[in-house]
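Asker: Before I ask anything, here is the structure I am working with.
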Amino acid sequence: MSSYDFDFGGQRLQARPSGALCWPTRRWLIVADLHLGKSERMARRGGALLPPYETLETLDRLQAEIVATDPVTVVSLGDGFDDDAAGRGLPDAICDKIRDMALEREWIWVNGNHDPGVVDSRLPGRNTPELADELLFRHEAGQGLDITGHYHPCIQLAGQRRRCFLIGEQHLILPAFGAYTGGLSVDDPALARLVASGIAVACGARALPVPVRGRAKA
Amino acid sequence: MILPPDFQDWFARQGWHPHPHQIALLDARGDTLLIAPTGGGKTLAGFLPSLVDLQSHQGGLHTLYVSPLKALTADIARNLSRPVADLGLKIRIEDRTGDTRASQRARQKVDPPDILLTTPESLALMLSYEQAPKIFGGVKRIVLDELHALAESKRGDQLMLCLARLRSLAPDVTVTGLSATVEDPQALAYFMGGAHIINADPGPEPDIAMLATENPAPWAGGGGHYAIPEVLAEVKQANTTIIFINTRAQAELFFQALWAANDDNLPIGLHHGSLSREARQRVEAAMAAGELRAVVATGSLDLGIDWGAVDLVIQVGAPKNIKRLVQRIGRANHRYNAPSRARIVPANRFEVIECVAALEAVHEHDLDGVPRPPGPLDVLCQHILLTACAGPFDADALFQEVRRAGPYRALSRAAFEDCLEFAATGGYALRAYDRWQRLMLRDGLWRLRDPRATRDLRMNIGTIVEAEMLKVRLRGRGGTPLGEVEEAFAASLEPGDTFLIGGQTVRYEGLREMVVEVTKQPTRQPKIAVFSGVKMATSTQLSHRLLDLIGDPGRHAVLPPDTSEWLALQAQVSDLPRPGVLVSESFPHMGRWHFALYGFAGRNALQTLGLLMTRMMEEAGLGPLGFLATDYALLIWSLDPVTDPALLLDRAGLRAGLGDWLGGNAVMKRTFRNVATIAGLIHRNLPGQRKTGRQATFSSDILYDTLRKYDPDHLMLRITADEARRGLVDFDRIEEMLDRSPIHDHRMLDRVTPLAAPLLLEVGKVPIAGQGRERLAAEQAAALMAEAGLT
């Protein structure tokens, strides 16, 4: 098994090498920061005309995860779209692809700072600012125990920068799943404030756990 | 034009005679290219016609001077101020570089000086202003300094596109190119769009030789430290010495070794491109003031500031390139009519042969150089976007104008349209941006859809793409800045690691707000700083000379005895590489089979060949474990022996590997990053980027992988593949090696051969990854978990 299993908030969870989080007992699949429509948004704002294939690339990887885990519920943990207009600007073919993936599943779009509005009507699922269940899911880490995205954590391992999960006592922060997303080092003060010590799980061919900031609890 | 009497008087008062080439430039009509050695009064020659003409000038920009170095523009401004004051000329001379204050820039737009001194990048920026036709419409003369240096990179291509634009804006302008000695002046004249060539008197023959040392050069390595006592003795005898070293890391190490042996405390400085600007300026000022007896330098001192007092150049390490050696020797030009003095220090036995071959070439005036490739399309993409910043343009007119630039004289309309398409829509097979085009065609003219884009486009001007660098600073409040290291190097450091920078050993403490913090650690053995800039490979011509010399035992008498004995032994137990014959050997050593190929194709090409051949060996089940490439040879070690290298050197197989498998290699990604940045696909310098506390932008590797997967025929990938023929990948030289070597001579031997032995001692081995990197990462992660008490 190339995923990393761990306990958080009393639940057994699985950090997958792709950067997706699995909650096996409930059959949930959670991904953060898809940033769909990013290249379109940059072009609209007069920036560089990046290769317009990242949305397809991101969805292809998401689809592979859905096929592998067959979830009952899929959660996009905020910043699913690079902005609300990017959601509305998605080509029909892309919307069809997402609808196909959502067939016979519950699909939840948690709002993020990039996509605070209502999701486009061509897309499946429902919007919510946060999702309180046995665990609390929201885009940005706050007070109390939560599972979030937003920071795009990364770690340097064997000379390579990799996306990673960051697991602390109070916060579980997911890596960005979107193709054109940068990252923030787990050593950055912003992340150090949230997770004083814990474990980073690097993504790649296998999920590799690495301790961050001192001695973590076993 | 003749030299007016008051100018003649001025020369006489300085005790000078105008050089013949200075008079020839005054007489010349039309565009000219002046080829003159360092110290030949080249710059004054370039300005003399302007100064004479400016006696009766009516205001506005008269002369535009472009040089590759900011420092050079400041130097020129100072040097010109004297004759201008002495002659009572009422003219204003100003420079305009990245350092020029915003208020002065703004004023220059409405009230340009008589003479404007600038760099290619600042010129490109000024031409992107709407006011460009007004600023440059009346310009009479353009002086292009150090043209030979500019022509070696894409900065030259950009400058020539700007020159074509200037010629459209000011049709009567006269252009003068100034160049050091080059192998093909006619090619350089074509490059600047055609010019009459004036050759200055080259001056006396240089006094150049190998530095005699008590100890012979070591078998391997690149430090040249064995020659420290003799180098110090030479420095002591000379007035001022420049010690040139090929890489920054080696310069750091040599400088440290030099100081350790400098019992007389001779003032010696260090100068290279990774030092902080303050540190470099201190050394330059001390040098100009005559306070230094020597400076250890890399290519950062190849150009520019004329320090008259330099009377000796020492080149440590093989020169790699004859032309560059000649230009470096020229720096020792205490007096124009005295011969330049230079000494060469080979770093190892192979380099001894290379140095002897290079000296022969210098004496025969046989300079090397590769023909310039046609103007690259990424630079044209940038030029098209900047043209749009200045105002709407007509595609036909722009195409005609671009073809008047030397490097683009053979540009096809189809290639031009590809670049225009890229600039306008991104040029993707999936036409996703029809609503958000960057350029729109309206009323027959192309223009920016969103004029606010000018800001980003202007920020992205230029063709120099530096590796991401991080500043290095001593820990503590207001810690002294020491210089910069590449981000990739910084990422490889663990707290407690030591490295050399600015001539001192420092200890890595941590990364703080994008600054590498260090403390002084004078005693520890340093982990060497790796500044993995472009590695200069031995030139094709010099490699051929080297091969000629090695392959002809009758000429071995010119080599030092230890070197000729080494070659004689090689001839006895195996064979000598020679023109027309590609010699290779298989032999066991330390339980592994080794394969040595004496290709003499330069280190970049042989490194690429190593990647391709080990890949084929993997497929053939030979179990390759690693390889090493030098300028001369490729060494591969494996579980099973290579018995028939011809199979691995199959041209079609190598080409397929280049297009297919090597496409995913880091070297190709780096090439792509440069291309995409220049063309404007990736923006650099965006304000607010790379700030702490924010997510760094995603890497260009992602764009490269995405394009390869979804849009493999995209223009950026085509340009990247074209660049791979040269530079870091250098596939052309693999083909050149195969072309010139119809005969393969492969030997199966039972032990290490004399020629292969030094290779086994070299550093820079490349392990074959495969699953290697994954395994390495897993092991490191496991070790860290164990250390933290986790299992």
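Residues in the structure tokens are numbered from 1 in each chain, the chains being A, B, ... in the order shown, and ligands are numbered from 1 in the order shown.
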Just asking: which residues within stretch 564-669 of chain B are strand (DSSP E or B) according to DSSP, as JSON, numbers by chain?
Answerer: {"B": [578, 581, 582, 583, 584, 585, 586, 587, 588, 589, 592, 593, 594, 595, 596, 597, 624, 625, 626, 627, 628, 629, 634, 635, 636, 637, 638]}
Asker: Considering only C-alpha atoms, return as number ranges by chain whatever protein or nucleic-acid residues lie within 12 Å of B:Arg442, sequence-local ones (same chain, fewer than 4 positions apart) excluded.
Answerer: B: 392-395, 446-449
Asker: Work out how far atom CA of B:Ala45 is from atom CA of B:Phe11, in Å to one decimal.
Answerer: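 According to the coordinates, atom CA of B:Phe11 and atom CA of B:Ala45 are separated by 12.5 Å.
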Asker: Report as a PyMOL selection string: the residues of stretch 327-571 of chain B with a DSSP assignment of helix (DSSP H, G or I), based on the backbone of this structure.
Answerer: chain B and resi 327-329+349-363+377-390+395-403+406-408+413-425+453-459+487-491+540-550+553-558+561-571
Asker: Which one is closest to B:Thr240: B:Arg452, B:Arg331, B:His271, B:Arg435? Count only C-alpha atoms.
Answerer: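 Going through B:Arg452, B:Arg331, B:His271, B:Arg435 one by one, the smallest distance to B:Thr240 is for B:Arg331.
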Asker: Please provide as a PyMOL selection string all residues within 10 Å of A:Leu194, with the sequence filter that same-chain residues fewer than 4 positions apart are discarded (counting only C-alpha atoms).
Answerer: chain A and resi 141-142+166-173+189-190
Asker: Give me the residues within 6 Å of stretch 142-150 of chain B as an mmCIF file with C-alpha atoms, in the first residue's frame, counting only C-alpha atoms and dropping any in the same chain fewer than 5 places off.
Answerer:
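Final file, result_23.cif:
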data_model
loop_
_atom_site.group_PDB
_atom_site.id
_atom_site.type_symbol
_atom_site.label_atom_id
_atom_site.label_comp_id
_atom_site.auth_asym_id
_atom_site.auth_seq_id
_atom_site.Cartn_x
_atom_site.Cartn_y
_atom_site.Cartn_z
ATOM 1 C CA THR B 63 24.202 59.455 -30.728
ATOM 2 C CA LEU B 64 23.007 56.255 -29.108
ATOM 3 C CA TYR B 65 25.666 54.060 -27.509
ATOM 4 C CA VAL B 66 24.839 50.478 -26.501
ATOM 5 C CA SER B 67 27.110 48.289 -24.395
ATOM 6 C CA ARG B 155 21.000 39.703 -26.184
ATOM 7 C CA GLY B 156 22.570 40.277 -29.582
ATOM 8 C CA VAL B 175 25.817 52.484 -37.300
ATOM 9 C CA THR B 176 29.290 51.671 -35.992
ATOM 10 C CA GLY B 177 30.055 48.299 -34.446
ATOM 11 C CA LEU B 178 33.102 47.894 -32.188
ATOM 12 C CA SER B 179 34.534 44.443 -31.648
#
Asker: At most 7 Å is the cut-off: for each residue in chain A with any atom that close to an atom of chain B, write down the nearest atom pair and the distance in Å rounded to one decimal, counting only C-alpha atoms, chain first then increasing number, as CSV.
Answerer:
residue,atom,partner,partner_atom,distance
A:Ala43,CA,B:Trp436,CA,5.8
A:Arg44,CA,B:Trp436,CA,5.4
A:Gly46,CA,B:Ala453,CA,5.7
A:Gly47,CA,B:Ala453,CA,6.9
A:Ala48,CA,B:Leu681,CA,5.7
A:Leu49,CA,B:Gly426,CA,5.4
A:Leu50,CA,B:Leu681,CA,6.4
A:Pro51,CA,B:Leu707,CA,6.6
A:Pro52,CA,B:Ala432,CA,6.5
A:Tyr53,CA,B:Thr706,CA,6.9
A:Leu157,CA,B:Ala777,CA,6.3
A:Ala158,CA,B:Ala777,CA,5.3
A:Gly159,CA,B:Ser492,CA,5.6
A:Tyr180,CA,B:Phe698,CA,6.1
A:Thr181,CA,B:Phe698,CA,5.3
A:Gly182,CA,B:Phe698,CA,3.7
A:Gly183,CA,B:Gln695,CA,4.8
A:Leu184,CA,B:Gln695,CA,4.5
A:Asp188,CA,B:Gly693,CA,6.4
A:Ala190,CA,B:Gly693,CA,6.1
A:Leu208,CA,B:Ala781,CA,6.6
A:Pro209,CA,B:Ala781,CA,6.5
A:Val210,CA,B:Ala781,CA,5.4
A:Pro211,CA,B:Met785,CA,6.1
A:Arg215,CA,B:Ala788,CA,5.4
A:Ala218,CA,B:Leu790,CA,5.9
Asker: Write the residues of the selection above to a file with N, CA and C atoms, as a PDB file, in the first residue's frame.
Answerer:
ATOM      1  N   ALA A  43      -5.694  34.731 -18.269  1.00  0.00           N
ATOM      2  CA  ALA A  43      -5.812  35.344 -19.588  1.00  0.00           C
ATOM      3  C   ALA A  43      -6.836  36.483 -19.556  1.00  0.00           C
ATOM      4  N   ARG A  44      -7.953  36.234 -18.867  1.00  0.00           N
ATOM      5  CA  ARG A  44      -9.006  37.245 -18.780  1.00  0.00           C
ATOM      6  C   ARG A  44      -8.463  38.518 -18.159  1.00  0.00           C
ATOM      7  N   GLY A  46      -5.571  39.675 -18.427  1.00  0.00           N
ATOM      8  CA  GLY A  46      -4.492  40.282 -19.208  1.00  0.00           C
ATOM      9  C   GLY A  46      -3.120  39.719 -18.905  1.00  0.00           C
ATOM     10  N   GLY A  47      -3.069  38.587 -18.214  1.00  0.00           N
ATOM     11  CA  GLY A  47      -1.773  37.986 -17.890  1.00  0.00           C
ATOM     12  C   GLY A  47      -1.308  37.058 -18.995  1.00  0.00           C
ATOM     13  N   ALA A  48      -0.392  36.165 -18.639  1.00  0.00           N
ATOM     14  CA  ALA A  48       0.161  35.236 -19.620  1.00  0.00           C
ATOM     15  C   ALA A  48      -0.917  34.290 -20.128  1.00  0.00           C
ATOM     16  N   LEU A  49      -0.753  33.855 -21.363  1.00  0.00           N
ATOM     17  CA  LEU A  49      -1.668  32.873 -21.942  1.00  0.00           C
ATOM     18  C   LEU A  49      -1.068  31.488 -21.721  1.00  0.00           C
ATOM     19  N   LEU A  50      -1.350  30.903 -20.559  1.00  0.00           N
ATOM     20  CA  LEU A  50      -0.752  29.614 -20.209  1.00  0.00           C
ATOM     21  C   LEU A  50      -1.420  28.488 -20.994  1.00  0.00           C
ATOM     22  N   PRO A  51      -0.714  27.365 -21.159  1.00  0.00           N
ATOM     23  CA  PRO A  51      -1.329  26.228 -21.847  1.00  0.00           C
ATOM     24  C   PRO A  51      -2.678  25.906 -21.194  1.00  0.00           C
ATOM     25  N   PRO A  52      -3.769  25.957 -21.953  1.00  0.00           N
ATOM     26  CA  PRO A  52      -5.111  25.869 -21.358  1.00  0.00           C
ATOM     27  C   PRO A  52      -5.549  24.440 -21.110  1.00  0.00           C
ATOM     28  N   TYR A  53      -4.677  23.629 -20.561  1.00  0.00           N
ATOM     29  CA  TYR A  53      -4.980  22.208 -20.412  1.00  0.00           C
ATOM     30  C   TYR A  53      -5.007  21.776 -18.952  1.00  0.00           C
ATOM     31  N   LEU A 157      12.386  17.219  -0.097  1.00  0.00           N
ATOM     32  CA  LEU A 157      12.791  15.870   0.289  1.00  0.00           C
ATOM     33  C   LEU A 157      13.762  15.347  -0.761  1.00  0.00           C
ATOM     34  N   ALA A 158      14.955  14.951  -0.317  1.00  0.00           N
ATOM     35  CA  ALA A 158      15.980  14.408  -1.217  1.00  0.00           C
ATOM     36  C   ALA A 158      16.164  15.321  -2.442  1.00  0.00           C
ATOM     37  N   GLY A 159      16.241  16.625  -2.174  1.00  0.00           N
ATOM     38  CA  GLY A 159      16.539  17.567  -3.248  1.00  0.00           C
ATOM     39  C   GLY A 159      15.353  17.863  -4.145  1.00  0.00           C
ATOM     40  N   TYR A 180      -1.875  23.701 -11.910  1.00  0.00           N
ATOM     41  CA  TYR A 180      -1.060  24.915 -11.891  1.00  0.00           C
ATOM     42  C   TYR A 180      -1.150  25.577 -10.522  1.00  0.00           C
ATOM     43  N   THR A 181      -0.616  24.922  -9.519  1.00  0.00           N
ATOM     44  CA  THR A 181      -0.633  25.552  -8.205  1.00  0.00           C
ATOM     45  C   THR A 181       0.765  25.522  -7.628  1.00  0.00           C
ATOM     46  N   GLY A 182       1.171  26.613  -7.028  1.00  0.00           N
ATOM     47  CA  GLY A 182       2.481  26.656  -6.385  1.00  0.00           C
ATOM     48  C   GLY A 182       2.373  26.058  -5.005  1.00  0.00           C
ATOM     49  N   GLY A 183       3.356  26.305  -4.165  1.00  0.00           N
ATOM     50  CA  GLY A 183       3.304  25.732  -2.837  1.00  0.00           C
ATOM     51  C   GLY A 183       3.971  26.611  -1.808  1.00  0.00           C
ATOM     52  N   LEU A 184       3.647  26.327  -0.562  1.00  0.00           N
ATOM     53  CA  LEU A 184       4.245  27.059   0.544  1.00  0.00           C
ATOM     54  C   LEU A 184       4.990  26.041   1.394  1.00  0.00           C
ATOM     55  N   ASP A 188       7.453  27.537   6.495  1.00  0.00           N
ATOM     56  CA  ASP A 188       7.028  28.930   6.522  1.00  0.00           C
ATOM     57  C   ASP A 188       6.319  29.246   7.843  1.00  0.00           C
ATOM     58  N   ALA A 190       3.774  30.917   8.499  1.00  0.00           N
ATOM     59  CA  ALA A 190       2.319  30.805   8.446  1.00  0.00           C
ATOM     60  C   ALA A 190       1.876  29.380   8.782  1.00  0.00           C
ATOM     61  N   LEU A 208       5.012   9.601   1.497  1.00  0.00           N
ATOM     62  CA  LEU A 208       6.138   9.422   2.408  1.00  0.00           C
ATOM     63  C   LEU A 208       5.985  10.327   3.627  1.00  0.00           C
ATOM     64  N   PRO A 209       5.827   9.731   4.837  1.00  0.00           N
ATOM     65  CA  PRO A 209       5.719  10.556   6.037  1.00  0.00           C
ATOM     66  C   PRO A 209       7.087  11.056   6.508  1.00  0.00           C
ATOM     67  N   VAL A 210       7.146  12.310   6.914  1.00  0.00           N
ATOM     68  CA  VAL A 210       8.381  12.922   7.406  1.00  0.00           C
ATOM     69  C   VAL A 210       8.002  13.773   8.623  1.00  0.00           C
ATOM     70  N   PRO A 211       8.755  13.690   9.712  1.00  0.00           N
ATOM     71  CA  PRO A 211       8.425  14.553  10.846  1.00  0.00           C
ATOM     72  C   PRO A 211       8.784  16.007  10.548  1.00  0.00           C
ATOM     73  N   ARG A 215      10.036  16.581  17.763  1.00  0.00           N
ATOM     74  CA  ARG A 215       9.575  15.235  18.034  1.00  0.00           C
ATOM     75  C   ARG A 215       8.051  15.169  17.982  1.00  0.00           C
ATOM     76  N   ALA A 218       3.883   9.653  18.553  1.00  0.00           N
ATOM     77  CA  ALA A 218       3.697   8.450  17.756  1.00  0.00           C
ATOM     78  C   ALA A 218       2.226   8.073  17.706  1.00  0.00           C
TER      79      ALA A 218
END
Asker: Give me, please, the distance in Å between atom CA of A:Leu77 and atom CA of A:Arg122, quoted to one decimal.
Answerer: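 Between atom CA of A:Leu77 and atom CA of A:Arg122 the gap works out to 19.3 Å.
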